[in-house]
$ cat structure_5.cif   # mmCIF, C-alpha atoms
data_start
#
loop_
_atom_site.label_atom_id
_atom_site.label_comp_id
_atom_site.auth_asym_id
_atom_site.auth_seq_id
_atom_site.Cartn_x
_atom_site.Cartn_y
_atom_site.Cartn_z
CA MET Q 205 298.64 76.06 78.98
CA GLY Q 206 300.31 79.45 78.62
CA PRO Q 207 298.82 82.63 79.97
CA ILE Q 208 296.24 84.44 77.89
CA ARG Q 209 297.76 87.57 76.40
CA PRO Q 210 295.61 90.61 76.96
CA HIS Q 211 294.55 92.59 73.87
CA LYS Q 212 292.58 95.70 73.19
CA LYS Q 213 289.05 94.96 72.12
CA SER Q 214 288.15 96.30 68.70
CA ARG Q 215 284.83 98.04 68.27
CA THR Q 216 285.36 98.58 64.55
CA GLY Q 217 286.26 95.06 63.55
CA CYS Q 218 284.11 93.04 61.18
CA LYS Q 219 280.90 91.55 62.44
CA THR Q 220 282.17 87.99 61.81
CA CYS Q 221 285.22 88.32 64.09
CA ARG Q 222 283.18 90.08 66.75
CA GLY Q 223 280.67 87.23 66.64
CA ARG Q 224 283.47 84.68 66.99
CA ARG Q 225 285.08 86.82 69.73
CA VAL Q 226 288.45 86.88 68.06
CA LYS Q 227 290.67 89.82 67.32
CA CYS Q 228 290.08 91.37 63.88
CA ASP Q 229 292.96 93.04 62.08
CA GLU Q 230 290.34 95.25 60.32
CA VAL Q 231 291.85 94.83 56.87
CA HIS Q 232 289.37 96.05 54.22
CA PRO Q 233 287.49 94.81 52.42
CA ILE Q 234 288.16 91.28 53.96
CA CYS Q 235 290.07 90.81 57.18
CA SER Q 236 292.78 88.16 57.45
CA ASN Q 237 290.72 85.83 59.68
CA CYS Q 238 287.78 85.72 57.28
CA ALA Q 239 290.07 85.36 54.27
CA ARG Q 240 291.94 82.41 55.83
CA ARG Q 241 288.72 80.64 56.78
CA GLU Q 242 286.84 81.77 53.67
CA LEU Q 243 284.14 83.37 55.76
CA ASN Q 244 281.75 86.18 54.78
CA CYS Q 245 283.40 89.38 56.09
CA VAL Q 246 280.96 92.23 56.82
CA TYR Q 247 281.76 95.60 58.36
CA ASP Q 248 279.35 98.11 59.89
CA PRO Q 249 278.65 101.11 57.60
CA PRO Q 250 280.66 104.26 58.44
CA PRO Q 251 278.88 106.77 60.67
CA ARG Q 252 276.85 109.41 58.73
CA ILE Q 253 277.92 113.00 59.15
CA GLU Q 254 275.10 115.52 58.65
CA VAL Q 255 276.09 118.45 56.47
CA GLN Q 256 273.80 120.75 58.44
CA SER Q 257 275.63 119.85 61.67
CA LEU Q 258 278.90 120.84 60.06
CA LEU Q 259 277.44 124.14 58.90
CA SER Q 260 275.95 124.91 62.30
CA THR Q 261 279.14 124.10 64.19
CA PRO Q 262 280.91 127.36 64.91
CA THR Q 263 284.31 127.67 63.35
CA PRO Q 264 286.94 128.42 66.00
CA PRO Q 265 288.69 131.73 65.56
CA PRO Q 266 292.18 131.58 64.10
CA LYS Q 267 295.02 131.39 66.57
CA PRO Q 268 297.04 134.59 67.07
CA GLU Q 269 300.10 133.05 65.48
CA SER Q 270 298.28 131.66 62.42
CA PRO Q 271 298.70 133.27 58.96
CA SER Q 272 294.96 133.87 58.69
CA TYR Q 273 294.94 135.82 61.95
CA ILE Q 274 297.82 137.98 60.78
CA PHE Q 275 296.04 138.65 57.47
CA LEU Q 276 292.74 139.59 59.12
CA SER Q 277 294.48 141.84 61.59
CA PHE Q 278 295.07 144.32 58.76
CA PHE Q 279 291.32 144.99 58.54
CA ASP Q 280 288.91 146.42 61.06
CA LEU Q 281 286.16 143.95 60.27
CA PRO Q 282 282.67 144.50 61.73
CA PRO Q 283 280.77 141.56 63.20
CA PHE Q 284 279.42 139.25 60.52
CA PRO Q 285 275.96 140.57 59.57
CA THR Q 286 272.86 138.52 60.08
CA PRO Q 287 271.36 137.07 56.89
CA THR Q 288 269.30 139.63 54.98
CA PRO Q 289 265.67 138.81 54.15
CA GLU Q 290 264.81 137.74 50.64
CA LEU Q 291 264.79 140.64 48.20
CA ASP Q 292 261.33 141.82 47.14
CA LEU Q 293 261.68 141.68 43.36
CA THR Q 294 258.32 143.35 42.82
CA ARG Q 295 259.38 146.43 44.75
CA LEU Q 296 262.71 146.47 42.95
CA GLU Q 297 260.90 146.32 39.61
CA LEU Q 298 258.59 149.21 40.50
CA PHE Q 299 261.34 151.34 42.05
CA HIS Q 300 263.56 150.77 39.01
CA HIS Q 301 260.73 151.70 36.65
CA TYR Q 302 260.11 154.91 38.56
CA SER Q 303 263.82 155.78 38.44
CA VAL Q 304 264.16 155.29 34.68
CA SER Q 305 260.73 156.21 33.35
CA THR Q 306 257.93 157.42 35.61
CA TYR Q 307 259.84 160.37 37.03
CA ARG Q 308 259.88 161.93 33.54
CA THR Q 309 256.11 162.04 33.27
CA PHE Q 310 255.14 164.70 35.81
CA SER Q 311 256.39 167.79 34.01
CA ASN Q 312 257.22 169.01 30.53
CA HIS Q 313 260.02 171.27 31.74
CA ALA Q 314 263.55 169.78 31.96
CA PRO Q 315 264.72 171.62 35.12
CA TRP Q 316 261.92 169.91 37.06
CA LEU Q 317 263.26 166.44 36.23
CA PRO Q 318 266.00 166.33 38.91
CA VAL Q 319 263.34 167.01 41.53
CA TRP Q 320 261.42 163.87 40.59
CA ARG Q 321 264.49 161.81 39.69
CA ASP Q 322 266.75 162.55 42.67
CA ALA Q 323 264.77 164.06 45.54
CA VAL Q 324 261.92 161.54 45.49
CA PRO Q 325 264.07 158.35 45.74
CA GLN Q 326 266.12 159.95 48.53
CA LEU Q 327 262.97 160.73 50.50
CA ALA Q 328 261.58 157.26 49.73
CA LEU Q 329 264.57 155.68 51.47
CA LYS Q 330 263.86 157.73 54.60
CA TYR Q 331 260.07 157.65 54.85
CA PRO Q 332 257.92 154.54 54.23
CA PHE Q 333 254.92 156.61 53.14
CA VAL Q 334 256.99 158.25 50.37
CA LEU Q 335 258.23 154.83 49.25
CA HIS Q 336 254.74 153.32 49.13
CA ALA Q 337 253.31 156.32 47.27
CA THR Q 338 256.17 156.13 44.75
CA LEU Q 339 255.59 152.41 44.19
CA ALA Q 340 251.85 153.01 43.73
CA ILE Q 341 252.45 155.63 41.03
CA SER Q 342 255.04 153.45 39.29
CA ALA Q 343 252.67 150.45 39.26
CA LEU Q 344 249.84 152.58 37.91
CA HIS Q 345 252.14 153.86 35.16
CA LEU Q 346 253.07 150.28 34.23
CA SER Q 347 249.37 149.37 34.08
CA VAL Q 348 249.00 151.93 31.30
CA LEU Q 349 252.16 150.88 29.44
CA ASN Q 350 251.74 147.10 29.76
CA VAL Q 351 248.20 146.39 28.62
CA ALA Q 352 248.66 142.61 28.85
CA ARG Q 353 249.43 142.86 32.59
CA SER Q 354 247.37 145.96 33.30
CA GLU Q 355 245.15 144.30 35.91
CA HIS Q 356 248.20 142.88 37.72
CA TYR Q 357 249.79 146.30 38.05
CA GLN Q 358 246.52 147.95 39.03
CA VAL Q 359 246.21 145.50 41.94
CA LEU Q 360 249.78 146.29 43.00
CA ALA Q 361 249.09 150.02 42.73
CA ALA Q 362 245.98 149.75 44.89
CA GLY Q 363 247.90 147.84 47.56
CA TYR Q 364 250.76 150.32 47.73
CA PHE Q 365 248.33 153.25 47.65
CA HIS Q 366 246.61 151.79 50.72
CA GLU Q 367 249.97 151.34 52.47
CA ALA Q 368 250.95 154.92 51.64
CA SER Q 369 247.69 156.30 53.01
CA VAL Q 370 247.92 154.29 56.23
CA SER Q 371 251.60 155.01 56.88
CA LEU Q 372 251.11 158.72 56.17
CA ARG Q 373 248.15 158.85 58.57
CA ASN Q 374 250.19 157.09 61.25
CA ALA Q 375 253.10 159.49 60.78
CA LEU Q 376 251.07 162.70 61.00
CA PRO Q 377 251.10 162.89 64.82
CA GLN Q 378 254.88 163.42 64.52
CA ARG Q 379 254.49 165.93 61.68
CA ALA Q 380 256.97 168.34 63.25
CA GLU Q 381 259.74 165.74 62.84
CA ILE Q 382 258.96 165.04 59.17
CA GLU Q 383 260.47 166.98 56.29
CA ALA Q 384 257.79 169.11 54.65
CA SER Q 385 258.99 168.01 51.21
CA ALA Q 386 258.23 164.37 52.13
CA LEU Q 387 254.67 165.31 53.04
CA PHE Q 388 254.30 167.33 49.85
CA ILE Q 389 255.60 164.56 47.58
CA THR Q 390 253.44 161.90 49.20
CA SER Q 391 250.24 163.94 49.15
CA SER Q 392 250.95 164.94 45.53
CA PHE Q 393 251.40 161.31 44.51
CA ILE Q 394 248.23 160.36 46.33
CA ALA Q 395 246.36 163.10 44.45
CA ILE Q 396 247.83 161.97 41.11
CA TYR Q 397 246.91 158.37 41.91
CA VAL Q 398 243.30 159.28 42.66
CA PHE Q 399 243.23 161.48 39.54
CA ALA Q 400 244.67 158.76 37.30
CA CYS Q 401 242.85 155.70 38.65
CA PRO Q 402 241.05 153.73 35.95
CA LYS Q 403 237.42 154.64 35.44
CA VAL Q 404 234.96 152.40 37.25
CA GLN Q 405 232.65 150.72 34.79
CA GLY Q 406 229.22 152.27 34.86
CA GLY Q 407 230.37 155.19 37.02
CA GLY Q 408 227.89 158.02 36.60
CA GLU Q 409 229.66 160.67 38.65
CA PRO Q 410 232.45 163.04 37.60
CA ARG Q 411 235.71 161.68 38.89
CA ALA Q 412 236.73 165.19 39.92
CA LEU Q 413 234.40 164.79 42.88
CA THR Q 414 236.80 162.11 44.14
CA TRP Q 415 240.12 163.86 43.66
CA PHE Q 416 239.04 167.46 44.44
CA PRO Q 417 238.99 166.79 48.24
CA VAL Q 418 242.37 165.05 48.06
CA LEU Q 419 243.92 167.89 46.08
CA ARG Q 420 242.49 170.47 48.46
CA GLY Q 421 244.14 168.66 51.37
CA ILE Q 422 247.69 169.28 50.13
CA PRO Q 423 247.91 172.98 51.13
CA ALA Q 424 246.51 172.14 54.56
CA LEU Q 425 249.07 169.36 55.02
CA VAL Q 426 252.08 171.51 54.20
CA HIS Q 427 250.70 174.83 55.46
CA GLY Q 428 253.45 177.30 56.33
CA ASN Q 429 256.25 175.21 54.82
CA TRP Q 430 256.22 176.28 51.17
CA SER Q 431 259.56 178.09 51.42
CA GLN Q 432 261.16 174.99 52.95
CA ILE Q 433 259.67 172.81 50.20
CA ALA Q 434 260.89 175.14 47.47
CA THR Q 435 264.39 175.21 48.95
CA ALA Q 436 264.56 171.42 49.32
CA LEU Q 437 262.96 170.34 46.07
CA ALA Q 438 263.60 172.98 43.47
CA PRO Q 439 267.07 174.54 43.75
CA SER Q 440 267.74 173.76 40.08
CA LEU Q 441 264.78 175.89 38.98
CA ARG Q 442 266.24 179.19 40.17
CA ASN Q 443 268.80 179.49 37.39
CA ALA Q 444 266.73 177.74 34.72
CA PRO Q 445 265.82 179.89 31.70
CA PRO Q 446 262.06 180.35 31.35
CA CYS Q 447 260.22 178.61 28.55
CA GLU Q 448 258.68 180.68 25.80
CA SER Q 449 255.11 181.58 26.64
CA ARG Q 450 252.53 180.50 24.09
CA MET Q 451 248.77 180.31 24.23
CA SER Q 452 247.48 176.89 25.17
CA LEU Q 453 243.76 177.64 25.39
CA PRO Q 454 241.13 179.88 23.81
CA PRO Q 455 239.70 182.65 25.99
CA LEU Q 456 237.03 181.58 28.45
CA PRO Q 457 233.50 182.52 27.38
CA GLN Q 458 231.31 184.85 29.41
CA LEU Q 459 229.98 182.93 32.43
CA ARG Q 460 228.96 185.81 34.69
CA ASN Q 461 225.25 185.40 33.95
CA LEU Q 462 225.39 181.70 34.91
CA SER Q 463 224.17 182.65 38.40
CA ASP Q 464 221.10 184.45 37.06
CA GLY Q 465 217.92 182.89 38.40
CA VAL Q 466 219.43 181.72 41.68
CA ASP Q 467 217.14 183.01 44.42
CA ASP Q 468 219.33 182.24 47.43
CA PRO Q 469 221.88 185.10 47.74
CA ALA Q 470 224.42 182.89 49.52
CA GLU Q 471 224.27 180.26 46.80
CA ARG Q 472 224.45 182.92 44.08
CA ASN Q 473 227.60 184.34 45.66
CA LEU Q 474 229.16 180.88 45.68
CA TYR Q 475 228.67 180.65 41.91
CA ILE Q 476 229.98 184.19 41.36
CA ASP Q 477 233.11 183.56 43.44
CA ALA Q 478 233.77 180.20 41.75
CA THR Q 479 233.36 181.84 38.32
CA SER Q 480 235.85 184.57 39.24
CA MET Q 481 238.34 181.97 40.44
CA LEU Q 482 237.90 179.99 37.23
CA GLU Q 483 238.55 183.09 35.12
CA MET Q 484 241.71 183.78 37.13
CA ALA Q 485 242.99 180.20 36.84
CA TRP Q 486 242.13 180.08 33.14
CA ASN Q 487 244.08 183.28 32.41
CA VAL Q 488 247.06 182.03 34.44
CA HIS Q 489 247.10 178.86 32.36
CA ARG Q 490 246.79 180.76 29.07
CA LYS Q 491 249.58 183.21 29.88
CA ALA Q 492 251.95 180.85 31.67
CA SER Q 493 255.01 179.46 29.97
CA GLU Q 494 254.79 175.79 29.16
CA GLU Q 495 256.59 174.49 32.25
CA PHE Q 496 253.77 175.77 34.45
CA TRP Q 497 250.82 174.42 32.47
CA VAL Q 498 250.43 171.34 34.66
CA ALA Q 499 250.68 173.30 37.91
CA ALA Q 500 248.23 175.93 36.63
CA ALA Q 501 245.71 173.24 35.75
CA PHE Q 502 245.33 172.36 39.44
CA LEU Q 503 244.91 175.90 40.70
CA TRP Q 504 241.12 176.23 40.59
CA PRO Q 505 240.21 173.21 42.77
CA VAL Q 506 242.24 174.54 45.71
CA LYS Q 507 240.87 178.09 45.35
CA VAL Q 508 237.10 177.50 45.31
CA SER Q 509 235.19 177.51 48.57
CA ASP Q 510 233.92 174.55 50.57
CA GLY Q 511 230.41 175.79 49.89
CA PHE Q 512 230.92 175.44 46.14
CA ILE Q 513 232.35 171.95 46.63
CA ARG Q 514 229.10 171.02 48.39
CA LEU Q 515 227.14 172.27 45.37
CA LEU Q 516 229.28 170.05 43.16
CA MET Q 517 228.65 167.04 45.39
CA GLU Q 518 224.91 167.74 45.09
CA HIS Q 519 225.20 167.74 41.27
CA ARG Q 520 223.83 171.26 40.93
CA PRO Q 521 223.78 172.01 37.17
CA ARG Q 522 225.48 175.42 37.45
CA ALA Q 523 228.30 173.96 39.51
CA LEU Q 524 228.74 171.13 37.01
CA VAL Q 525 228.82 173.62 34.12
CA LEU Q 526 231.74 175.40 35.79
CA LEU Q 527 233.42 172.05 36.40
CA ALA Q 528 233.08 171.18 32.71
CA HIS Q 529 234.68 174.47 31.67
CA TYR Q 530 237.51 173.88 34.11
CA GLY Q 531 238.00 170.34 32.80
CA ALA Q 532 238.58 171.68 29.28
CA MET Q 533 242.08 172.68 30.44
CA PHE Q 534 243.08 169.04 30.50
CA SER Q 535 242.35 168.62 26.80
CA LYS Q 536 245.69 170.38 26.22
CA LEU Q 537 247.54 168.04 28.61
CA GLU Q 538 246.18 164.71 27.41
CA SER Q 539 249.60 163.37 26.36
CA PHE Q 540 250.47 162.92 30.03
CA TRP Q 541 249.60 159.30 30.82
CA TRP Q 542 247.98 160.21 34.14
CA ILE Q 543 245.72 162.79 32.47
CA GLY Q 544 244.88 161.18 29.14
CA SER Q 545 241.32 161.66 27.92
CA ARG Q 546 240.08 163.01 31.25
CA ALA Q 547 238.54 166.18 29.73
CA ARG Q 548 236.41 164.18 27.30
CA GLU Q 549 235.36 161.60 29.90
CA GLU Q 550 234.30 164.22 32.44
CA LEU Q 551 232.38 166.22 29.84
CA GLU Q 552 230.40 163.17 28.71
CA ILE Q 553 229.40 162.40 32.30
CA ILE Q 554 228.41 166.00 33.01
CA GLU Q 555 226.36 166.21 29.80
CA LYS Q 556 224.32 163.21 30.90
CA ILE Q 557 223.72 164.64 34.39
CA VAL Q 558 222.64 168.17 33.41
CA GLY Q 559 220.45 167.16 30.44
CA GLU Q 560 219.98 168.52 26.93
CA ASP Q 561 218.90 172.07 27.80
CA TRP Q 562 221.94 172.83 29.91
CA LYS Q 563 224.16 170.98 27.47
CA ARG Q 564 222.92 172.97 24.49
CA GLU Q 565 223.08 176.38 26.19
CA TRP Q 566 226.26 176.08 28.29
CA LEU Q 567 228.43 173.17 27.16
CA SER Q 568 228.77 173.53 23.38
CA TRP Q 569 231.90 175.71 23.79
CA VAL Q 570 233.46 173.08 26.08
CA ARG Q 571 232.74 170.44 23.47
CA ASP Q 572 234.51 172.53 20.82
CA VAL Q 573 237.60 172.90 23.03
CA VAL Q 574 237.72 169.19 23.84
CA ASP Q 575 237.31 168.31 20.15
CA GLY Q 576 240.02 170.81 19.18
CA GLN Q 577 237.67 173.10 17.26
CA ALA Q 578 237.88 176.24 19.41
CA PRO Q 579 240.34 178.77 17.84
CA LEU Q 580 243.13 180.35 19.89
CA GLN Q 581 243.66 184.09 20.01
CA MET Q 582 246.79 185.87 18.74
CA GLY Q 583 247.72 183.04 16.43
CA GLY Q 584 248.85 180.76 19.28
CA SER Q 585 249.22 177.06 18.68
CA VAL Q 586 247.87 174.24 20.78
CA GLY Q 587 250.62 172.75 22.90
CA GLY Q 588 251.09 171.02 26.21
CA ARG Q 589 252.74 167.87 24.95
CA SER Q 590 255.06 166.15 27.38
#

$ encode --input "structure_5.cif" --output "structure tokens"
Amino acid sequence: MGPIRPHKKSRTGCKTCRGRRVKCDEVHPICSNCARRELNCVYDPPPRIEVQSLLSTPTPPPKPESPSYIFLSFFDLPPFPTPTPELDLTRLELFHHYSVSTYRTFSNHAPWLPVWRDAVPQLALKYPFVLHATLAISALHLSVLNVARSEHYQVLAAGYFHEASVSLRNALPQRAEIEASALFITSSFIAIYVFACPKVQGGGEPRALTWFPVLRGIPALVHGNWSQIATALAPSLRNAPPCESRMSLPPLPQLRNLSDGVDDPAERNLYIDATSMLEMAWNVHRKASEEFWVAAAFLWPVKVSDGFIRLLMEHRPRALVLLAHYGAMFSKLESFWWIGSRAREELEIIEKIVGEDWKREWLSWVRDVVDGQAPLQMGGSVGGRS
């Protein structure tokens, strides 16, 4: 018997040959042994390669002499960035809407538009509280435009308003490091949001009592920085031609005797001072050119004293009468979506609070203005359309 020739064992031969312990030539699909003996030839399935393992295996860098290395050497490539988080499509939608639509709705004077169009998005990319306030205003605007999804956008607006308030509060300890224009824009948007928020069903209180304190907080927040704000936000206004001045409101009726019958001298002086401030603000609004009508409409709330604000909060009839006269200004600005029918809504609430006697004696003129029946002096025409 001749010597047994050694051979290399096959680990990939068919199962039949391995079971018979004979060498398999590994011919597919049937090896020669199984074909000659007419046996069932079965191979093990090929090993499975996981796609994820291939993806996770780092690709070796190209060799210095390879064409790909030579090509890449022409570029100073930074390290490959880490994957970015999923884009927030809701924020993109709101930011886009602000950039193409909402920014146009804060003023009726063209030179102001670059301030809202360009400066606000730039600040929003630097300060989270500006971004959140901008998104809140944009969502609230969409809730007015898209009635079918109004509730959806109101919920979004409320969420971003909360984020803006919290992030602004957290940033205030480092106020010295924050651009004053960012604080001004954010606080202005917060005031507009509170002003424009949908009316709560069954609310029996003038909504001005909610937004007056917010509006009065803006000067305190940016105190001493008005020149910086003007330089940063409104360079385009310096060379802008002024709009033609035209009367927007009838003259204010005589309100000096409103304080008659008030026994407390301190309280009487509060009414007298508030009346004087209202007359001043009213005349500014009447004489201002159209581009300043919106700004002039918010002058009185920041000028009256804290003592008068307390009288308003207590629903004192005389204070509410002055508030109603002030609110008549907004009847000439109702085409702004965030103002709308505010003058009429506030007047109706005040009429219910003060009762028929005060309504008949002091509020009939306000009703005429709101209903468009009060004539203007000097042949002026009612304006204020955005």

$ atom_distance --input "structure_5.cif" --atom1 "atom CA of Q:Arg295" --atom2 "atom CA of Q:Ala337"
11.9 Å

$ atom_distance --input "structure_5.cif" --atom1 "atom CA of Q:Met484" --atom2 "atom CA of Q:Ala532"
14.8 Å

$ atom_distance --input "structure_5.cif" --atom1 "atom CA of Q:Trp486" --atom2 "atom CA of Q:Leu456"
7.1 Å

$ axis_aligned_box --input "structure_5.cif" --around "stretch 555-565 of chain Q" --padding-each-side "8 Å" --output "AutoDock Vina command-line options"
--center_x 222.6 --center_y 169.8 --center_z 29.4 --size_x 23.5 --size_y 29.2 --size_z 25.9

$ residues_around --input "structure_5.cif" --residues "stretch 343-357 of chain Q" --least-positions-apart "4" --cutoff "12 Å" --atoms "all atoms listed in the file" --output "ChimeraX atom specification"
/Q:294-302,305-310,336-339,361-365,393-394,396-402,540-544

$ residues_around --input "structure_5.cif" --residues "Q:Glu483" --least-positions-apart "5" --cutoff "10 Å" --atoms "only C-alpha atoms" --output "ChimeraX atom specification"
/Q:455-460,477-478,488-489,504,530

$ residues_near_point --input "structure_5.cif" --point "(286.7, 95.3, 65.1)" --cutoff "12 Å" --atoms "only C-alpha atoms" --output "tab-separated table (two decimals) with C-alpha atoms, in the frame of the given file"
chain	number	residue	atom	x	y	z
Q	212	LYS	CA	292.58	95.70	73.19
Q	213	LYS	CA	289.05	94.96	72.12
Q	214	SER	CA	288.15	96.30	68.70
Q	215	ARG	CA	284.83	98.04	68.27
Q	216	THR	CA	285.36	98.58	64.55
Q	217	GLY	CA	286.26	95.06	63.55
Q	218	CYS	CA	284.11	93.04	61.18
Q	219	LYS	CA	280.90	91.55	62.44
Q	220	THR	CA	282.17	87.99	61.81
Q	221	CYS	CA	285.22	88.32	64.09
Q	222	ARG	CA	283.18	90.08	66.75
Q	223	GLY	CA	280.67	87.23	66.64
Q	224	ARG	CA	283.47	84.68	66.99
Q	225	ARG	CA	285.08	86.82	69.73
Q	226	VAL	CA	288.45	86.88	68.06
Q	227	LYS	CA	290.67	89.82	67.32
Q	228	CYS	CA	290.08	91.37	63.88
Q	229	ASP	CA	292.96	93.04	62.08
Q	230	GLU	CA	290.34	95.25	60.32
Q	231	VAL	CA	291.85	94.83	56.87
Q	232	HIS	CA	289.37	96.05	54.22
Q	234	ILE	CA	288.16	91.28	53.96
Q	235	CYS	CA	290.07	90.81	57.18
Q	237	ASN	CA	290.72	85.83	59.68
Q	245	CYS	CA	283.40	89.38	56.09
Q	246	VAL	CA	280.96	92.23	56.82
Q	247	TYR	CA	281.76	95.60	58.36
Q	248	ASP	CA	279.35	98.11	59.89

$ residues_around --input "structure_5.cif" --residues "stretch 464-474 of chain Q" --least-positions-apart "6" --cutoff "8 Å" --atoms "all atoms listed in the file" --output "PyMOL selection string"
chain Q and resi 509+511-512

$ closest_residue --input "structure_5.cif" --among "Q:Trp316, Q:Tyr475, Q:Trp497, Q:Phe333" --to "Q:Glu367" --atoms "only C-alpha atoms"
Q:Phe333

$ resolve_selection --input "structure_5.cif" --expression "the PyMOL selection byres ((chain Q and resi 323) around 10)" --output "list in words"
Leu317, Pro318, Val319, Trp320, Arg321, Asp322, Val324, Pro325, Gln326, Leu327, Ala328, Ser385, Ala386, Ile389, Ala436, Leu437 and Ala438 of chain Q

$ build_atoms --input "structure_5.cif" --residues "stretch 358-373 of chain Q" --atoms "N, CA, C and O atoms" --output "PDB file, in the frame of the given file"
ATOM      1  N   GLN Q 358     247.536 147.169  38.329  1.00  0.00           N
ATOM      2  CA  GLN Q 358     246.520 147.950  39.030  1.00  0.00           C
ATOM      3  C   GLN Q 358     246.302 147.422  40.447  1.00  0.00           C
ATOM      4  O   GLN Q 358     246.109 148.208  41.386  1.00  0.00           O
ATOM      5  N   VAL Q 359     246.340 146.096  40.609  1.00  0.00           N
ATOM      6  CA  VAL Q 359     246.210 145.500  41.940  1.00  0.00           C
ATOM      7  C   VAL Q 359     247.392 145.914  42.813  1.00  0.00           C
ATOM      8  O   VAL Q 359     247.236 146.275  43.991  1.00  0.00           O
ATOM      9  N   LEU Q 360     248.604 145.855  42.246  1.00  0.00           N
ATOM     10  CA  LEU Q 360     249.780 146.290  43.000  1.00  0.00           C
ATOM     11  C   LEU Q 360     249.655 147.757  43.391  1.00  0.00           C
ATOM     12  O   LEU Q 360     249.952 148.140  44.530  1.00  0.00           O
ATOM     13  N   ALA Q 361     249.214 148.589  42.446  1.00  0.00           N
ATOM     14  CA  ALA Q 361     249.090 150.020  42.730  1.00  0.00           C
ATOM     15  C   ALA Q 361     248.104 150.271  43.862  1.00  0.00           C
ATOM     16  O   ALA Q 361     248.356 151.089  44.751  1.00  0.00           O
ATOM     17  N   ALA Q 362     246.985 149.569  43.839  1.00  0.00           N
ATOM     18  CA  ALA Q 362     245.980 149.750  44.890  1.00  0.00           C
ATOM     19  C   ALA Q 362     246.540 149.357  46.252  1.00  0.00           C
ATOM     20  O   ALA Q 362     246.283 150.028  47.261  1.00  0.00           O
ATOM     21  N   GLY Q 363     247.316 148.277  46.290  1.00  0.00           N
ATOM     22  CA  GLY Q 363     247.900 147.840  47.560  1.00  0.00           C
ATOM     23  C   GLY Q 363     248.897 148.844  48.112  1.00  0.00           C
ATOM     24  O   GLY Q 363     248.864 149.179  49.301  1.00  0.00           O
ATOM     25  N   TYR Q 364     249.777 149.349  47.258  1.00  0.00           N
ATOM     26  CA  TYR Q 364     250.760 150.320  47.730  1.00  0.00           C
ATOM     27  C   TYR Q 364     250.111 151.668  48.047  1.00  0.00           C
ATOM     28  O   TYR Q 364     250.572 152.387  48.945  1.00  0.00           O
ATOM     29  N   PHE Q 365     249.050 152.026  47.328  1.00  0.00           N
ATOM     30  CA  PHE Q 365     248.330 153.250  47.650  1.00  0.00           C
ATOM     31  C   PHE Q 365     247.730 153.152  49.053  1.00  0.00           C
ATOM     32  O   PHE Q 365     247.787 154.109  49.838  1.00  0.00           O
ATOM     33  N   HIS Q 366     247.172 151.992  49.379  1.00  0.00           N
ATOM     34  CA  HIS Q 366     246.610 151.790  50.720  1.00  0.00           C
ATOM     35  C   HIS Q 366     247.719 151.901  51.774  1.00  0.00           C
ATOM     36  O   HIS Q 366     247.539 152.561  52.817  1.00  0.00           O
ATOM     37  N   GLU Q 367     248.874 151.275  51.512  1.00  0.00           N
ATOM     38  CA  GLU Q 367     249.970 151.340  52.470  1.00  0.00           C
ATOM     39  C   GLU Q 367     250.457 152.781  52.650  1.00  0.00           C
ATOM     40  O   GLU Q 367     250.782 153.199  53.769  1.00  0.00           O
ATOM     41  N   ALA Q 368     250.519 153.532  51.546  1.00  0.00           N
ATOM     42  CA  ALA Q 368     250.950 154.920  51.640  1.00  0.00           C
ATOM     43  C   ALA Q 368     249.989 155.741  52.481  1.00  0.00           C
ATOM     44  O   ALA Q 368     250.402 156.545  53.325  1.00  0.00           O
ATOM     45  N   SER Q 369     248.695 155.539  52.257  1.00  0.00           N
ATOM     46  CA  SER Q 369     247.690 156.300  53.010  1.00  0.00           C
ATOM     47  C   SER Q 369     247.755 155.983  54.491  1.00  0.00           C
ATOM     48  O   SER Q 369     247.705 156.886  55.338  1.00  0.00           O
ATOM     49  N   VAL Q 370     247.883 154.691  54.821  1.00  0.00           N
ATOM     50  CA  VAL Q 370     247.920 154.290  56.230  1.00  0.00           C
ATOM     51  C   VAL Q 370     249.195 154.790  56.908  1.00  0.00           C
ATOM     52  O   VAL Q 370     249.155 155.348  58.015  1.00  0.00           O
ATOM     53  N   SER Q 371     250.341 154.608  56.258  1.00  0.00           N
ATOM     54  CA  SER Q 371     251.600 155.010  56.880  1.00  0.00           C
ATOM     55  C   SER Q 371     251.698 156.530  57.017  1.00  0.00           C
ATOM     56  O   SER Q 371     252.263 157.041  57.993  1.00  0.00           O
ATOM     57  N   LEU Q 372     251.120 157.260  56.047  1.00  0.00           N
ATOM     58  CA  LEU Q 372     251.110 158.720  56.170  1.00  0.00           C
ATOM     59  C   LEU Q 372     250.220 159.145  57.338  1.00  0.00           C
ATOM     60  O   LEU Q 372     250.595 160.013  58.133  1.00  0.00           O
ATOM     61  N   ARG Q 373     249.055 158.523  57.463  1.00  0.00           N
ATOM     62  CA  ARG Q 373     248.150 158.850  58.570  1.00  0.00           C
ATOM     63  C   ARG Q 373     248.810 158.546  59.912  1.00  0.00           C
ATOM     64  O   ARG Q 373     248.687 159.330  60.868  1.00  0.00           O
TER      65      ARG Q 373
END
